[in-house]
Each structure stands twice: as C-alpha cells, then as structure tokens.
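Undergrad: File input-v2.txt below, compact mmCIF, C-alpha atoms:
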```txt
# COMPACT_ATOMS: atom_id res chain seq x y z
CA MET M 15 -16.02 -1.17 10.60
CA GLU M 16 -15.79 -4.81 9.58
CA ALA M 17 -12.62 -6.63 10.62
CA TYR M 18 -11.03 -9.70 9.07
CA GLN M 19 -8.17 -11.74 10.51
CA THR M 20 -5.64 -13.70 8.51
CA GLY M 21 -2.78 -15.77 9.84
CA LYS M 22 -2.01 -19.37 10.69
CA ILE M 23 -2.93 -21.37 13.77
CA GLY M 24 -2.54 -25.00 14.79
CA ASP M 25 -5.33 -27.55 14.99
CA ASP M 26 -4.91 -27.68 18.77
CA GLU M 27 -7.24 -26.53 21.54
CA VAL M 28 -5.60 -23.11 21.70
CA GLY M 29 -6.29 -22.60 18.00
CA SER M 30 -9.89 -23.66 18.44
CA GLN M 31 -10.39 -21.25 21.32
CA PHE M 32 -8.70 -18.46 19.34
CA ARG M 33 -11.21 -18.87 16.52
CA LYS M 34 -14.07 -18.80 19.00
CA THR M 35 -12.86 -15.55 20.54
CA LEU M 36 -12.51 -13.94 17.11
CA VAL M 37 -16.09 -14.80 16.27
CA ALA M 38 -17.27 -13.63 19.69
CA ASP M 39 -15.57 -10.29 19.03
CA HIS M 40 -17.22 -10.04 15.58
CA VAL M 41 -13.98 -10.62 13.66
CA ASP M 42 -14.37 -12.62 10.44
CA ASP M 43 -12.06 -15.66 10.59
CA ARG M 44 -12.54 -17.02 7.07
CA TYR M 45 -8.92 -16.22 6.11
CA VAL M 46 -7.34 -17.85 9.16
CA VAL M 47 -5.44 -20.94 8.00
CA THR M 48 -5.10 -24.06 10.17
CA LYS M 49 -1.90 -26.11 10.18
CA GLU M 50 -2.44 -29.83 10.61
CA LYS M 51 -0.77 -31.06 13.80
CA GLY M 52 0.41 -27.51 14.42
CA THR M 53 0.89 -25.57 17.64
CA THR M 54 -0.81 -22.20 17.98
CA LEU M 55 1.02 -19.17 19.36
CA HIS M 56 -0.05 -18.66 22.96
CA THR M 57 1.06 -16.51 25.84
CA TYR M 58 1.07 -16.47 29.63
CA ILE M 59 0.64 -12.99 31.07
CA ILE M 60 1.42 -11.93 34.62
CA THR M 61 -0.06 -8.64 35.76
CA ALA M 62 1.06 -6.59 38.75
CA PRO M 63 -0.47 -3.74 40.75
CA GLY M 64 -0.56 -0.60 38.69
CA GLY M 65 -1.33 -2.48 35.49
CA LYS M 66 2.21 -3.51 34.60
CA HIS M 67 2.61 -6.91 33.00
CA CYS M 68 5.07 -9.52 31.84
CA ILE M 69 4.41 -11.79 28.85
CA PHE M 70 5.80 -15.29 28.35
CA ALA M 71 5.21 -16.51 24.80
CA ASN M 72 5.21 -19.91 23.16
CA ALA M 73 5.43 -19.04 19.45
CA GLY M 74 4.41 -22.52 18.37
CA ASP M 75 5.14 -23.56 14.79
CA ALA M 76 2.32 -21.92 12.82
CA VAL M 77 2.07 -18.14 13.30
CA CYS M 78 5.16 -17.21 11.29
CA THR M 79 4.58 -19.57 8.35
CA LEU M 80 1.59 -18.23 6.41
CA THR M 81 2.38 -17.95 2.69
CA PRO M 82 0.63 -16.12 -0.18
CA GLU M 83 -0.30 -19.46 -1.77
CA GLU M 84 -2.56 -20.21 1.20
CA LEU M 85 -4.68 -17.08 0.63
CA PRO M 86 -7.21 -16.20 -2.08
CA ALA M 87 -5.71 -14.13 -4.90
CA ASP M 88 -8.53 -11.60 -4.56
CA ILE M 89 -8.37 -11.30 -0.76
CA MET M 90 -7.74 -7.53 -0.79
CA ASP M 91 -10.58 -6.75 -3.20
CA GLY M 92 -13.14 -6.33 -0.44
CA MET M 93 -10.81 -4.64 2.07
CA ASP M 94 -10.16 -0.96 2.73
CA ILE M 95 -7.03 -1.16 4.94
CA PHE M 96 -4.26 -3.68 5.47
CA TYR M 97 -2.72 -3.81 8.95
CA ASN M 98 0.17 -6.14 9.80
CA ASP M 99 2.97 -6.86 12.26
CA MET M 100 5.22 -8.93 9.94
CA PHE M 101 4.96 -12.22 11.84
CA SER M 102 4.35 -13.99 8.51
CA PRO M 103 6.59 -11.83 6.32
CA LYS M 104 6.03 -13.47 2.94
CA ALA M 105 2.26 -13.20 3.24
CA ALA M 106 2.47 -9.71 4.76
CA ILE M 107 4.61 -8.30 1.94
CA TRP M 108 2.39 -9.94 -0.69
CA LEU M 109 -0.74 -8.49 0.91
CA ALA M 110 0.87 -5.06 1.24
CA GLU M 111 1.73 -5.06 -2.44
CA LYS M 112 -1.83 -6.10 -3.29
CA ALA M 113 -3.19 -3.28 -1.14
CA LEU M 114 -0.97 -0.66 -2.75
CA GLU M 115 -1.91 -1.86 -6.24
CA GLN M 116 -5.49 -1.02 -5.29
CA GLY M 117 -4.63 2.31 -3.66
CA LYS M 118 -5.33 1.07 -0.13
CA PRO M 119 -3.30 2.06 2.94
CA VAL M 120 -0.83 -0.31 4.61
CA ILE M 121 -0.18 0.02 8.33
CA TYR M 122 2.92 -1.61 9.79
CA ASN M 123 3.09 -1.99 13.55
CA MET M 124 6.53 -3.04 14.75
CA GLN M 125 5.34 -4.85 17.85
CA CYS M 126 8.72 -6.52 18.39
CA VAL M 127 12.21 -5.26 17.59
CA PRO M 128 14.02 -6.59 14.48
CA SER M 129 16.46 -8.75 16.49
CA PHE M 130 13.53 -10.62 18.04
CA MET M 131 11.71 -10.84 14.72
CA GLU M 132 14.77 -12.54 13.23
CA THR M 133 14.34 -15.37 15.75
CA CYS M 134 10.77 -15.74 14.43
CA GLY M 135 11.90 -16.00 10.82
CA THR M 136 11.45 -12.39 9.69
CA SER M 137 14.66 -11.00 8.21
CA ARG M 138 15.93 -7.44 8.40
CA GLU M 139 15.62 -7.27 4.60
CA GLU M 140 11.93 -8.17 4.81
CA ILE M 141 11.39 -5.52 7.46
CA GLU M 142 13.13 -2.97 5.23
CA LYS M 143 10.79 -3.97 2.39
CA MET M 144 7.71 -3.42 4.53
CA MET M 145 9.09 -0.05 5.63
CA GLU M 146 9.21 0.93 1.96
CA LEU M 147 5.65 -0.27 1.36
CA CYS M 148 3.80 0.98 4.42
CA THR M 149 1.58 4.05 4.51
CA VAL M 150 1.96 4.51 8.27
CA PHE M 151 4.68 3.06 10.51
CA ILE M 152 4.10 2.61 14.24
CA SER M 153 6.57 1.57 16.93
CA GLY M 154 7.62 2.18 20.49
CA ARG M 155 10.98 3.52 21.63
CA ALA M 156 12.80 0.18 21.35
CA GLY M 157 11.86 -0.29 17.71
CA TYR M 158 13.08 3.14 16.69
CA GLU M 159 16.34 2.73 18.61
CA GLU M 160 17.15 -0.65 17.09
CA MET M 161 16.28 0.50 13.58
CA THR M 162 18.51 3.57 13.79
CA GLY M 163 20.99 3.17 16.66
CA GLU M 164 19.72 6.51 17.99
CA THR M 165 18.74 6.50 21.67
CA ASP M 166 16.67 9.67 21.37
CA PRO M 167 13.35 8.37 19.97
CA TYR M 168 12.32 11.77 18.62
CA LYS M 169 15.50 12.03 16.54
CA ALA M 170 15.04 8.40 15.51
CA MET M 171 11.55 9.17 14.19
CA ARG M 172 12.99 11.78 11.86
CA MET M 173 15.75 9.44 10.76
CA ILE M 174 13.22 6.76 9.85
CA GLN M 175 10.99 9.20 7.98
CA ASP M 176 13.93 10.73 6.14
CA LYS M 177 15.13 7.29 5.05
CA TYR M 178 11.88 5.62 4.04
CA HIS M 179 9.61 8.57 3.21
CA VAL M 180 6.60 6.82 4.71
CA LYS M 181 3.61 8.30 2.88
CA LYS M 182 1.56 9.37 5.91
CA GLY M 183 4.42 9.40 8.37
CA VAL M 184 5.70 7.58 11.44
CA ILE M 185 4.16 7.27 14.89
CA LEU M 186 5.91 6.82 18.23
CA THR M 187 3.95 5.36 21.12
CA ALA M 188 5.61 6.66 24.27
CA GLY M 189 3.54 5.36 27.18
CA GLY M 190 2.91 8.04 29.78
CA GLU M 191 4.27 10.69 27.41
CA GLY M 192 1.49 9.99 24.94
CA ALA M 193 2.07 9.55 21.22
CA TYR M 194 3.87 11.46 18.46
CA TRP M 195 3.26 11.55 14.71
CA TYR M 196 5.81 12.94 12.24
CA ASP M 197 5.12 13.11 8.51
CA GLY M 198 8.26 14.82 7.29
CA GLU M 199 6.83 18.31 7.61
CA HIS M 200 4.61 18.42 10.69
CA GLU M 201 4.81 16.86 14.13
CA TYR M 202 1.73 16.09 16.19
CA HIS M 203 1.67 15.17 19.86
CA ALA M 204 -1.20 13.85 21.92
CA PRO M 205 -0.67 13.59 25.70
CA ALA M 206 -1.63 10.45 27.58
CA TYR M 207 -4.86 10.21 29.55
CA GLU M 208 -4.66 9.78 33.29
CA VAL M 209 -6.48 6.66 34.44
CA GLU M 210 -6.14 4.15 37.26
CA PRO M 211 -4.53 1.23 35.38
CA VAL M 212 -5.70 -2.30 36.03
CA ASP M 213 -4.02 -4.12 33.14
CA THR M 214 -1.96 -2.55 30.35
CA THR M 215 -1.91 -5.75 28.27
CA GLY M 216 -3.26 -4.99 24.81
CA ALA M 217 -3.13 -1.22 25.20
CA GLY M 218 -0.87 -0.88 22.17
CA ASP M 219 -3.21 -2.96 20.04
CA CYS M 220 -6.15 -0.85 21.20
CA PHE M 221 -4.21 2.31 20.36
CA ILE M 222 -3.88 1.09 16.79
CA GLY M 223 -7.52 0.05 16.65
CA GLY M 224 -8.51 3.54 17.73
CA LEU M 225 -6.17 5.08 15.19
CA LEU M 226 -7.52 2.99 12.32
CA TYR M 227 -11.10 3.79 13.27
CA SER M 228 -10.56 7.52 13.72
CA TYR M 229 -8.06 8.35 10.97
CA PHE M 230 -8.99 5.94 8.23
CA GLY M 231 -12.58 5.10 9.15
CA GLU M 232 -13.89 8.47 10.31
CA GLU M 233 -11.31 10.48 8.30
CA LYS M 234 -10.30 12.66 11.24
CA ASP M 235 -7.05 14.60 11.09
CA GLU M 236 -3.77 13.43 12.61
CA ALA M 237 -4.06 15.45 15.82
CA TYR M 238 -7.56 14.20 16.60
CA ALA M 239 -6.78 10.63 15.57
CA LEU M 240 -3.83 10.52 18.00
CA LYS M 241 -6.04 11.75 20.84
CA PHE M 242 -8.71 9.17 20.02
CA ALA M 243 -6.10 6.40 19.82
CA ASN M 244 -4.62 7.41 23.19
CA ALA M 245 -8.06 7.41 24.76
CA THR M 246 -8.81 3.98 23.30
CA ALA M 247 -5.60 2.66 24.85
CA ALA M 248 -6.36 4.34 28.18
CA VAL M 249 -9.83 2.76 28.35
CA LYS M 250 -8.21 -0.65 27.80
CA CYS M 251 -5.85 -0.04 30.73
CA THR M 252 -8.87 0.13 33.05
CA ILE M 253 -10.05 -3.34 31.96
CA ALA M 254 -8.54 -6.65 33.09
CA GLY M 255 -7.51 -9.08 30.38
CA PRO M 256 -5.81 -8.72 26.99
CA ARG M 257 -8.82 -7.44 25.03
CA SER M 258 -11.24 -4.56 25.25
CA ARG M 259 -14.86 -4.36 24.18
CA ALA M 260 -15.11 -0.64 24.84
CA THR M 261 -17.52 1.32 22.67
CA VAL M 262 -16.86 4.52 20.76
CA GLN M 263 -18.95 6.30 23.37
CA ASP M 264 -16.69 4.97 26.13
CA VAL M 265 -13.69 6.46 24.34
CA LEU M 266 -15.39 9.78 23.61
CA HIS M 267 -16.44 10.04 27.25
CA LEU M 268 -12.84 9.65 28.42
CA MET M 269 -11.64 12.24 25.92
CA GLY M 270 -13.66 14.85 27.75
CA GLU M 271 -11.71 14.48 31.00
CA ASN M 272 -8.52 13.37 32.72
CA LEU M 273 -6.13 14.64 30.04
CA ILE M 274 -2.52 14.95 31.29
CA GLU M 275 -1.28 18.32 30.00
```
Will you turn the file into structure tokens for me?
TA:
Amino acid sequence: MEAYQTGKIGDDEVGSQFRKTLVADHVDDRYVVTKEKGTTLHTYIITAPGGKHCIFANAGDAVCTLTPEELPADIMDGMDIFYNDMFSPKAAIWLAEKALEQGKPVIYNMQCVPSFMETCGTSREEIEKMMELCTVFISGRAGYEEMTGETDPYKAMRMIQDKYHVKKGVILTAGGEGAYWYDGEHEYHAPAYEVEPVDTTGAGDCFIGGLLYSYFGEEKDEAYALKFANATAAVKCTIAGPRSRATVQDVLHLMGENLIE
C-alpha cells in the first residue's frame, strides 16, 4: 500500500525532522503544508517498565490549522482510503466529503476525547459531522463514554451505532481485552495477544494501520481484520520508540501463537 500524509507543520527543526522521518518510512509528504514561522506539534514521551507511557505534548500553532484551500482540489482522485483524526477539522471534513463523492471509505479515529479536541479548535459540531460521514469509527473507552455519557463501553458502542448508523460499524479498542467491532447487526471480538511489552507508544496507530491493510487492502472479513490489527499493535509493543517497521510476516508470525483466549 502507498501512504500519503497531509497536515500542517512549522518551518522549524522539528518540522524538518518530521518530513525526513516520513520519507524514511516511505510515506509521501507532498501534501504536507509548511507554516512560515510556525511551531510543529511535538511530544515528550516517558516510558516505564512494562511498556506503559506518559505523553507530554506541545501542540504548536500549525497542526490544527490546515484548510481545504491549502490542498489540491483533486487530492482524493488518486487515493483509495481517507483516514483522519480531526486535528484539522475543516480540511478533514472537506476531504471526507471528497472521498464519499468518489465512493471511497472514510475512517475516523477519535484519538482524543471531544473535550480535549475543543481545546485544539475542533468543535463538537464538527465531530458530529465527521461521525455522520465516516465509514468506520474507532475509539477507546474514554471516547465512547464522553460521546454518550455511558460508562459501559459495550453499551456505548451500540448507542453510537444506533445514532449515527456508521456504514461499516464502530470499533472499540480495549487494551488487554482486545478489540470489538459492532455494525448494527453483528458483533466481532478479537482477543489481545500476549507479549512482553517494551513500549506501548504508537500501538493504537499500528492497530489502525493493520486494520486498513487487512480489511481495506487485503479485503479480509471483520473478524480476521480485527485479529490482524491486534497482532500489528502487539508487535509494536515489543519495539521501543513511537513507530514500528514490522513486516506483514512479523504480524502473521505472531498471529500463530500467544493468543490470550
């Protein structure tokens, strides 16, 4: 699969290094916009034994400000999938609408709860709009609870699906309990894989990468795609640092063992 990144960075050293890492990871950066005299989002991550981590973020003044006018009108023409986290809501909604016009899936990953997103400039109304547009919605427990007020995440999943009728359904990432997928009719559950964690930073992102590859790229069914996504996340947890360069074979190898029943 070819991957393209869009977003906005500053013209600082962090932004320069970010571009370099994208290219090193074979991600096309042609749609990344640079803000003159801007500050790039950057984080400081502390990891502890057992893979747990704490993230301190400096949001800068660029990441949340990308607008449709800064992107080519035909940007979605060569794409197959649009994935977003709503950190630049105007651009994200515009791109989602473009994708749907062309019959392409839209994946919305609620990485941060709505109350935090509001501090970054993304309104509840914009989140609601993306919920109506997305083909698949993904969140952890906190996102479902804040969206519904329901503390039981499994009930909250059904509430979200009943309200927004997400085309392919909603996914709950539940850490050691694995992941759940509910499409309004069927529920799928994939247990977590037992590994010795080194660093869990980026595991959620790797889960989504595995899901996109398996479900949309390889056209596997929901049950298999969840297992593959869980395994992709588990492999990342065995690697120090925020990114993983694991291969498909690495993931398939893990899927053959260490499954927590």
Undergrad: With 12 Å as the threshold, what does the neighbourhood of (-17.6, 2.8, 26.4) contain in terms of residues, counting all atoms listed in the file? Coordinates are those of the file; answer as number ranges by chain.
TA: M: 245-246, 248-250, 252-253, 258-269
Undergrad: Only C-alpha atoms, please: the residues just picked out, written as a PDB file, keeping the file's coordinate frame.
TA:
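The result, stored in result_31.pdb:
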```pdb
ATOM      1  CA  ALA M 245      -8.060   7.410  24.760  1.00  0.00           C
ATOM      2  CA  THR M 246      -8.810   3.980  23.300  1.00  0.00           C
ATOM      3  CA  ALA M 248      -6.360   4.340  28.180  1.00  0.00           C
ATOM      4  CA  VAL M 249      -9.830   2.760  28.350  1.00  0.00           C
ATOM      5  CA  LYS M 250      -8.210  -0.650  27.800  1.00  0.00           C
ATOM      6  CA  THR M 252      -8.870   0.130  33.050  1.00  0.00           C
ATOM      7  CA  ILE M 253     -10.050  -3.340  31.960  1.00  0.00           C
ATOM      8  CA  SER M 258     -11.240  -4.560  25.250  1.00  0.00           C
ATOM      9  CA  ARG M 259     -14.860  -4.360  24.180  1.00  0.00           C
ATOM     10  CA  ALA M 260     -15.110  -0.640  24.840  1.00  0.00           C
ATOM     11  CA  THR M 261     -17.520   1.320  22.670  1.00  0.00           C
ATOM     12  CA  VAL M 262     -16.860   4.520  20.760  1.00  0.00           C
ATOM     13  CA  GLN M 263     -18.950   6.300  23.370  1.00  0.00           C
ATOM     14  CA  ASP M 264     -16.690   4.970  26.130  1.00  0.00           C
ATOM     15  CA  VAL M 265     -13.690   6.460  24.340  1.00  0.00           C
ATOM     16  CA  LEU M 266     -15.390   9.780  23.610  1.00  0.00           C
ATOM     17  CA  HIS M 267     -16.440  10.040  27.250  1.00  0.00           C
ATOM     18  CA  LEU M 268     -12.840   9.650  28.420  1.00  0.00           C
ATOM     19  CA  MET M 269     -11.640  12.240  25.920  1.00  0.00           C
TER      20      MET M 269
END
```
Undergrad: Rank M:Met15, M:Ala113, M:Ala38, M:Met131 by their smallest atom-to-atom distance to M:Ser228, using all atoms listed in the file, and report the top residue only.
TA: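 Going through M:Met15, M:Ala113, M:Ala38, M:Met131 one by one, the smallest distance to M:Ser228 is for M:Met15.
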Undergrad: Pull the neighbourhood of (-6.0, 4.0, 39.3) for me: all residues within 12 Å in file coordinates, counting all atoms listed in the file, as a PyMOL selection string.
TA: chain M and resi 63-65+207-214+248-249+251-253+272
Undergrad: Any idea what's packed within 12 Å of M:Glu140, counting only C-alpha atoms, ignoring anything in its chain fewer than 4 positions away? Could you give it as a list in words?
TA: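 That gives Asp99, Met100, Phe101, Ser102, Pro103, Lys104, Ala105, Ala106, Ile107, Trp108, Pro128, Met131, Glu132, Gly135, Thr136, Met144, Met145, Glu146 and Leu147 of chain M.
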Undergrad: What's the separation between atom CA of M:Lys181 and atom CA of M:Glu201, in Å to one decimal place?
TA: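 We find that atom CA of M:Lys181 and atom CA of M:Glu201 lie 14.2 Å from each other.
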Undergrad: For a quick check of understanding, using only C-alpha atoms, which of M:Lys169, M:His40, M:Lys66, M:Lys182 has the smallest distance to M:Trp195?
TA: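 Selected residue with least distance to M:Trp195: M:Lys182.
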Undergrad: Residues at most 8 Å from M:Ile185, counting all atoms listed in the file, excluding those fewer than 4 positions away in the same chain, as a list in words?
TA: Val150, Phe151, Ile152, Ser153, Met171, Ala193, Tyr194, Trp195 and Tyr196 of chain M
Undergrad: Based on the selection just made, write C-alpha atoms of those residues as a PDB file, keeping the file's coordinate frame.
TA:
```pdb
ATOM      1  CA  VAL M 150       1.960   4.510   8.270  1.00  0.00           C
ATOM      2  CA  PHE M 151       4.680   3.060  10.510  1.00  0.00           C
ATOM      3  CA  ILE M 152       4.100   2.610  14.240  1.00  0.00           C
ATOM      4  CA  SER M 153       6.570   1.570  16.930  1.00  0.00           C
ATOM      5  CA  MET M 171      11.550   9.170  14.190  1.00  0.00           C
ATOM      6  CA  ALA M 193       2.070   9.550  21.220  1.00  0.00           C
ATOM      7  CA  TYR M 194       3.870  11.460  18.460  1.00  0.00           C
ATOM      8  CA  TRP M 195       3.260  11.550  14.710  1.00  0.00           C
ATOM      9  CA  TYR M 196       5.810  12.940  12.240  1.00  0.00           C
TER      10      TYR M 196
END
```
